[in-house]
Amino acid sequence: MAFNVIGKTVMKSLFGKPATAMYPVIKNEFYPNTRGNIEVAIDKCNFCGLCSRRCPAGAIEVSKPDKKWEIDRTRCIVCNFCVQVCARDSLSTQRHYTVPMTDKSKRISTSYGQTVQEDA
Amino acid sequence: MGERTIIPFGPQHPVLPEPLHLDLILEDEKVVGAVPSIGFVHRGLEKLVEKRDFHEMMYVIERVCGICSFIHGQGYVQTIEGIFGLEIPDRAKFLRTIWAELSRVHSHLLWLGLMADAYGFESLFMHCWRVREKVLDIFEETTGGRVIFSVCKVGGVWKDIDNETLKRIVEVLNVVEQESKALTDVFIKDFTVQKRTRGVGVLSYQDAIDVGAVGPTLRGSGVAMDLRKLGYAAYGELNFEPIVEKDGDCYARTIVRVRELYQSIDLIRQCVSKIPDGEIEVKVKGNPKGEYVSRLEQPRGQVVYYGRANGTKYLERFRVRTPTFANIPALLKMLPGADLADVPLLALTIDPCISCTER
Ligand code: SF4
Ligand code: SF4
């Protein structure tokens with residue numbers, strides 16, 4: 001009996017597929033729901049600042065006069081709350097994670113808007 | 001009487017990466033006493049309620065723990081909903097139950113793996129975690145996160161799971177169940193494993209009640225107490241009985257968790273067959289005022305939340321009593337008389353989650 005179990009396990013280990021993923025040769029597939037990097041569609045944004053006020057981590061900074069939307073990638077905890085509160089649907093989560101960084105100065109990504117649209 | 005020595009145990013990776021520290025008082029190889037200390041990773045999340053409004057706070061509370069993150073979020077929103085007197089839609093209740101039970105499956109598989117690792121059974125450890133990976137994939141598919149789901153909200157849930165996905169989840173769980181069977185058989189039947197766990201660290205029925213142990217630690221000592229029986233979320237409509245083992249030793253606590261693993265899978269099946277269609281959230285208006293206590297059953301045991309709100313968008317006070325905190329006295333009851341070599345095992349059988357305890 002015990003020999004059977006061991007035999008089966010050995011056979012599975014020898015001839016079965018590996019349990020681990022073959023990363024990075026085969027990249028991990030993300031699901032449509034996966035919460036990854038926060039992305040802004042800056043042309044839709046009217047710099048109302050709601051996302052920045054609701055962000056629990058204080059990662060977003062919005063400045064209406066400069067038409068600037070800025071996120072600190074290392075502060076963001078990818079909770080998705082900003083995406084859900086934005087009334088103009090300008091935020092979304094991408095289907096890949098924020099790229100790891102070793103240079104701290106690269107943690108902030110800034111987007112500038114061209115025109116400020118008035119709320120219709 | 002042998003010579004007395006004091007051996008520090010932890011806080012750097014005592015048996016699992018949790019900063020638990022014990023000063024073990026030894027007589028030769030036998031433990032005669034232990035002094036615990038915690039507080040190495042205190043984060044002060046409870047204080048944050050004064051600075052983050054009650055909607056945002058959900059995301060902070062979820063991060064109290066990386067394993068029962070969902071149940072922390074659920075407990076928090078349940079507290080706020082209690083203050084509001086909100087009744088959430090049935091579908092949301094069932095979805096919460098499904099995610100909570102999936103959390104239990106993944107937590108227990110994680111624990112079984114760590115347990116195997118604690119007595120040096122590396123391959124078993126890896127197989128347990130391999131099976132667990134399937135559950136994490138379900139999480140990512142349905143909520144977007146593998147560990148932190150961020151899917152609860154005050155008044156319901158953010159995301160729905162369509163019925164097709166629910167069916168697929170059950171199929172995946174069938175595979176998980178089948179694969180777990182082979183693994184849990186080792187925990188139950190293997191001679192060497194039983195040598196390490198049987199009769200070690202006995203916590204008697206009376207002691208378990210006296211020190212206020214919770215969760216599988218308590219149920220392993222023969223006390224049939226499971227807060228899911230309170231019927232919060234959708235548990236009132238599900239059919240289950242608390243899982244109890246009599247012996248109170250490491251083996252009994254392991255068996256409780258093994259059986260709970262299958263119980264949880266069964267509960268998810270029941271949920272999927274009973275889940276009603278409909279809304280998944282209700283609108284929340286205004287700010288909470290009042291106070292509320294909610295109690296939930298985490299994989300590690302009973303967790304208690306207290307919230308007090310004063311009519312502004314910031315809560316006045318929020319408190320979490322985590323199961324590990326309640327189980328440390330139980331650990332101290334188990335330790336005297338044990339061998340030094342069994343201490344890691346004993347520390348593990350209460351399933352300590354120290355960062356959770358320190359919030
Ligand atoms: S991203 Fe949305 S919420 Fe944030 S400033 Fe722009 S419009 Fe407002
Ligand atoms: S995902 Fe959460 S933490 Fe990140 S920017 Fe949005 S609200 Fe802030």
# chains A, B, ... in the order shown; residues from 1 in each chain; ligands from 1
>>> residues_around(residues="Gln206 (chain B)", least_positions_apart="3", cutoff="12 Å", atoms="only C-alpha atoms", output="ChimeraX atom specification")
/B:202-203,209-213,218,221-223,246,248,330,333
>>> interface_residues(of="chain A", to="chain B", cutoff="12 Å", atoms="only C-alpha atoms", output="PyMOL selection string")
chain A and resi 2+5-6+8-9+13+18-21+28-37+51-58+76-85+93-97
>>> closest_residue(among="A:Asn46, A:Glu39, A:Pro100, A:Lys68", to="ligand 2", atoms="only C-alpha atoms and all ligand atoms")
A:Glu39
>>> residues_near_ligand(ligand="ligand 1", cutoff="8 Å", atoms="only C-alpha atoms and all ligand atoms", output="PyMOL selection string")
chain A and resi 40-42+44-52+62+69+82-83+85-91
